[in-house]
Every structure is written in structure tokens, then in C-alpha cells.
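Participant: My questions all concern the structure below.
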Amino acid sequence: MDNRVTIARREIAGLRAEKTILLALGIQLFIAAFSSFLVVGLVSMYDPGALEGAQVETAVTGEAVAELEAAAADVEGVRARPYADSDAAAAAFADGRVDAVLVGTRRDGRIHVDATVPDSNVETTVIVVQLRSVLRTLEAAERDRRSDALSRPPLAVPDGGTSAPYYGFTYTVLVPVLVFVPAFISGSLTIDSITEEIDRGTLELLRVTPATLVEIVDGKALAAIGLVPAQVALWLGLLRLNGTSVAGVGRLLVLATAVAGIVVGIAAALAFLLPDRRAAQICYAMAMLALFGGASLLPRNPVNATARLAVDGADAGVTLTVGLVAGAAVAVVAVTRTIVVRAGP
């Protein structure tokens, strides 16, 4: 264990020369330290409809123009302008007099709406969110109007929530970013450390010491993994100083450490399988995209578990998720050690 600790200390001391890593840490520090200010601006991308003062001029036309006007009137930030036909509405859209076009037609007793919005840009996001609210309002009005024709009364729809979008953004986006990004950085750091040792020939020099190859890799992994809970604890502490309460810190640190074990283990294995630094980094990036992209499709995934832990809404399923991630970390580390042993003399 002494050899591993010595290697780990050497790795941590060498971080001061890694400008890219220091820059990444500085960015995370800035986000955590000024989260209360950043969240106000970033929430506009997460939920653009939360911004006050955004006015979407919308051309409405077609057979259901009255219904569209009524729905738009109930949505703050949308102003409906009726046009005689779709050609006139399209001309107004092309000239920039309106931001979007809604054409409502009746088919088989139903209202069909065709929407036209600008090409993809920042403004488009705001427009789409506002039009979505208009269409939901129209749907609710139509359901209410047609309820008399039903043989049974429909279930009552609960009132919409009044929680601020900042709450959802903070706990479903900001906190997971601060919890998982350190693990990705540690994985990249591990690849750079091992591949540079191989390129420079210094790995062979380290093997002359009493430390075995497995101990050398263990020490590098220990340093990379150990940095993650330290960073996460600091980031969450800064969030609290900014007035953002985060619950379940202990289990969040366990989850972050387990994810770091998986990521660093994969990174170390790739560094030995692909000694070329660039090739290893590319494969690492693709592996992370596949791993976390696939995990996000699961009903119980690390991001969901992080959000629920942070809001003190964890249940047995969240605890199970943390346990499964920890078990996966142990398995990945074991496989990586096997690869390292086979790579040795």
C-alpha cells in the first residue's frame, strides 16, 4: 500500500503542470461559487418560457382561427394576429412581421394545427416553448368542450405546478454536472498520465523501483479517483454557501466515487490497450458517450439518482442504484487489474 500511496502523491503533485486540468477545475469552481447568478441565465436555455417579457407574435389562420386566438390569449407572452388565409400568414412570416404561424384546420371533427417557426436558432427555442403552451391550452379547451358528449365524466386534471424552473434546473442539471464532470476529468487525466509514461519511457523506470506494475497503476488510479469526492464535496459546499440546499451528501459522494471508479478503470484499461494517447482519448470519449447515453435510458440511472438524493427524495430504488454502480465499479477495477497484469512481464 505504501508504494501505491507514493505513486498517488507523485500524481497529485504533478497536476500543477497540467494546465488543461487546472482550467477545467477552475471552470467548475466558478460554476459552483457563482451558481445563484449563473442559474438565472442558464435556466433560460433549460426552460425559455420562464423568462419574462418574451413576446411571440403569432399569425393564426384557418378554419379554427377563433379557437387558436382564444388559446393564445390565455398564454402570457403570445400575441395572436388573425390572417385571412395561410398565404397571407406565410407572407407576414417571410417579411418578419410575425415570429410564427399557426394554421388550424378541421378534419373528421377534430382540429389539426400546422406550425411554422424560424430555422434553428436561439429565438426558435423560445418560440417553440410558447407555441407548445398555446397548443396545450387549445387541447384542454377542446377536451372541456367535448366532455358533454362522453358517456362517463372525465377525470379531473390537477392544477399545474407552481414551482419555479430554477428548482428543476438546479437539481436535474447543475448538481449532476458538478457531481459527474470531475469523474470524466479524472478519466482523461488517467489516460494522459499512463500514455505519457509509456511514450517517454518513464514507466519502465518506475518498474525498476520496488513497486510492481499493478501498484503503479493502482497509485495513479487512486489519485484520480480520490480527487473526485474531494471536488464534489467542495462544489456542493459552495452551492450551500450560495443558498442551494443539497441533501444526501454522503450518498452523493459514494455515488460520485463509484462512477469515478468505473470511468478511471475504463480509462486505465484503454491506456494499456491503446498506448497512443490520441487514439486512447478518442476511444475513451466514445466509450463515455455510449456508457452514459445508455445509462440515461434506464428508469433508474445515476443522474436520476443524483437529483433525487439532492432533494432528499431517495427511496429504496435510489439506494439500489447507488449499490449497483458501486458494484460495477468494483468489477471494472478488477477487470482493469487483470489487463494490467497481462500487460506486465
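Ordering of the C-alpha cells sets the chain letters (A, B, ...); residue numbers start at 1 within each chain; ligands are numbered from 1 in the order shown.
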Show me, as a Markdown table, the residues of region 165-193 of chain A having an atom within 10 Å of region 299-307 of chain A, each with the closest atom pair and its distance in Å, using only C-alpha atoms.
Facilitator:
| residue | atom | partner | partner_atom | distance |
| --- | --- | --- | --- | --- |
| A:Gly168 | CA | A:Ala307 | CA | 9.2 |
| A:Thr170 | CA | A:Ala307 | CA | 9.0 |
| A:Tyr171 | CA | A:Ala307 | CA | 5.2 |
| A:Thr172 | CA | A:Ala307 | CA | 5.4 |
| A:Val173 | CA | A:Ala307 | CA | 8.3 |
| A:Leu174 | CA | A:Ala307 | CA | 9.5 |
| A:Val175 | CA | A:Ala307 | CA | 7.2 |
| A:Pro176 | CA | A:Val303 | CA | 6.0 |
| A:Val177 | CA | A:Val303 | CA | 9.0 |
| A:Val179 | CA | A:Thr306 | CA | 8.1 |
| A:Phe180 | CA | A:Val303 | CA | 8.7 |
Participant: I need the residues in region 196-326 of chain A that are helix (DSSP H, G or I) according to DSSP; give them as a VMD selection string.
Facilitator: chain A and resid 196 to 200 202 to 208 213 to 241 249 to 273 277 to 296 302 to 310 316 to 326
Participant: Just the selected residues (C-alpha atoms), exported as a short mmCIF file (atom, residue, chain, number, x, y, z; two decimals), in the first residue's frame, please.
Facilitator:
data_model
loop_
_atom_site.label_atom_id
_atom_site.label_comp_id
_atom_site.auth_asym_id
_atom_site.auth_seq_id
_atom_site.Cartn_x
_atom_site.Cartn_y
_atom_site.Cartn_z
CA GLU A 196 2.78 9.79 -21.38
CA GLU A 197 4.70 7.44 -19.10
CA ILE A 198 4.75 4.87 -21.92
CA ASP A 199 5.76 7.42 -24.58
CA ARG A 200 8.58 8.89 -22.51
CA THR A 202 9.42 6.60 -17.66
CA LEU A 203 7.04 3.73 -16.96
CA GLU A 204 9.94 1.32 -17.40
CA LEU A 205 11.97 3.40 -14.93
CA LEU A 206 9.15 3.18 -12.39
CA ARG A 207 9.10 -0.57 -12.79
CA VAL A 208 12.74 -0.68 -11.69
CA LEU A 213 3.18 -2.52 -12.47
CA VAL A 214 -0.16 -3.16 -10.78
CA GLU A 215 0.85 -0.98 -7.83
CA ILE A 216 1.92 1.80 -10.20
CA VAL A 217 -1.45 1.76 -11.95
CA ASP A 218 -3.26 1.44 -8.62
CA GLY A 219 -1.45 4.54 -7.38
CA LYS A 220 -2.36 6.54 -10.47
CA ALA A 221 -5.98 5.38 -10.24
CA LEU A 222 -6.07 6.11 -6.51
CA ALA A 223 -5.01 9.71 -7.15
CA ALA A 224 -7.52 10.18 -9.97
CA ILE A 225 -10.42 8.61 -8.06
CA GLY A 226 -9.56 10.37 -4.81
CA LEU A 227 -9.77 13.77 -6.46
CA VAL A 228 -13.42 13.22 -7.39
CA PRO A 229 -15.12 13.12 -3.95
CA ALA A 230 -12.86 15.97 -2.82
CA GLN A 231 -14.01 18.12 -5.73
CA VAL A 232 -17.66 17.14 -5.35
CA ALA A 233 -17.60 17.93 -1.63
CA LEU A 234 -16.13 21.35 -2.39
CA TRP A 235 -18.64 22.08 -5.16
CA LEU A 236 -21.62 21.05 -3.03
CA GLY A 237 -20.29 23.12 -0.16
CA LEU A 238 -20.11 26.16 -2.41
CA LEU A 239 -23.67 25.51 -3.57
CA ARG A 240 -24.81 25.60 0.04
CA LEU A 241 -22.97 28.87 0.59
CA VAL A 249 -24.29 14.48 0.53
CA GLY A 250 -22.83 11.26 1.93
CA ARG A 251 -24.51 9.04 -0.64
CA LEU A 252 -23.76 11.56 -3.38
CA LEU A 253 -20.07 11.26 -2.55
CA VAL A 254 -20.33 7.47 -2.61
CA LEU A 255 -22.06 7.61 -6.00
CA ALA A 256 -19.51 10.06 -7.40
CA THR A 257 -16.63 7.88 -6.17
CA ALA A 258 -18.21 4.75 -7.67
CA VAL A 259 -18.71 6.47 -11.03
CA ALA A 260 -15.11 7.65 -10.85
CA GLY A 261 -14.01 4.06 -10.25
CA ILE A 262 -15.83 2.94 -13.40
CA VAL A 263 -14.54 5.80 -15.53
CA VAL A 264 -10.94 5.66 -14.30
CA GLY A 265 -10.90 1.87 -14.61
CA ILE A 266 -12.04 2.06 -18.23
CA ALA A 267 -9.53 4.83 -18.92
CA ALA A 268 -6.63 2.84 -17.46
CA ALA A 269 -7.58 -0.23 -19.47
CA LEU A 270 -7.75 1.80 -22.68
CA ALA A 271 -4.36 3.35 -21.96
CA PHE A 272 -2.77 -0.11 -21.92
CA LEU A 273 -4.78 -1.49 -24.81
CA ARG A 277 -2.59 8.98 -26.47
CA ARG A 278 -4.84 10.38 -29.19
CA ALA A 279 -6.39 7.00 -30.04
CA ALA A 280 -6.96 6.24 -26.37
CA GLN A 281 -8.64 9.61 -25.75
CA ILE A 282 -10.93 9.19 -28.76
CA CYS A 283 -11.97 5.70 -27.65
CA TYR A 284 -12.43 6.99 -24.11
CA ALA A 285 -14.75 9.76 -25.28
CA MET A 286 -16.79 7.32 -27.37
CA ALA A 287 -16.96 4.85 -24.50
CA MET A 288 -18.21 7.53 -22.11
CA LEU A 289 -20.86 8.67 -24.58
CA ALA A 290 -22.06 5.11 -25.06
CA LEU A 291 -21.93 4.28 -21.35
CA PHE A 292 -23.75 7.31 -20.00
CA GLY A 293 -26.02 7.62 -23.01
CA GLY A 294 -27.16 4.05 -22.48
CA ALA A 295 -27.45 4.53 -18.72
CA SER A 296 -29.66 7.59 -19.20
CA PRO A 302 -27.16 7.77 -11.92
CA VAL A 303 -28.40 11.21 -13.00
CA ASN A 304 -31.90 10.49 -11.72
CA ALA A 305 -30.45 9.09 -8.50
CA THR A 306 -28.32 12.21 -8.05
CA ALA A 307 -31.30 14.53 -8.43
CA ARG A 308 -33.43 12.54 -6.01
CA LEU A 309 -30.65 12.34 -3.44
CA ALA A 310 -30.07 16.09 -3.70
CA ALA A 316 -35.06 2.04 -1.90
CA GLY A 317 -34.66 2.18 -5.68
CA VAL A 318 -32.15 5.04 -5.45
CA THR A 319 -30.19 3.17 -2.79
CA LEU A 320 -30.18 0.13 -5.04
CA THR A 321 -28.90 2.25 -7.93
CA VAL A 322 -26.01 3.52 -5.82
CA GLY A 323 -25.22 -0.04 -4.78
CA LEU A 324 -25.28 -1.31 -8.36
CA VAL A 325 -22.97 1.48 -9.53
CA ALA A 326 -20.57 0.68 -6.68
#
Participant: Figure out the distance between CA of Ala328 (chain A) and CA of Thr212 (chain A), please, to one decimal in Å.
Facilitator: 25.1 Å
Participant: Quick check for you: according to DSSP on this backbone, which residues of region 93-306 of chain A are classed as strand (DSSP E)? Reply as a VMD selection string.
Facilitator: chain A and resid 100 to 107 110 to 116
Participant: Between CA of Ala89 (chain A) and CA of Val101 (chain A), what is the distance in Å, rounded to a tenth?
Facilitator: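 Going from CA of Ala89 (chain A) over to CA of Val101 (chain A) covers 6.6 Å.
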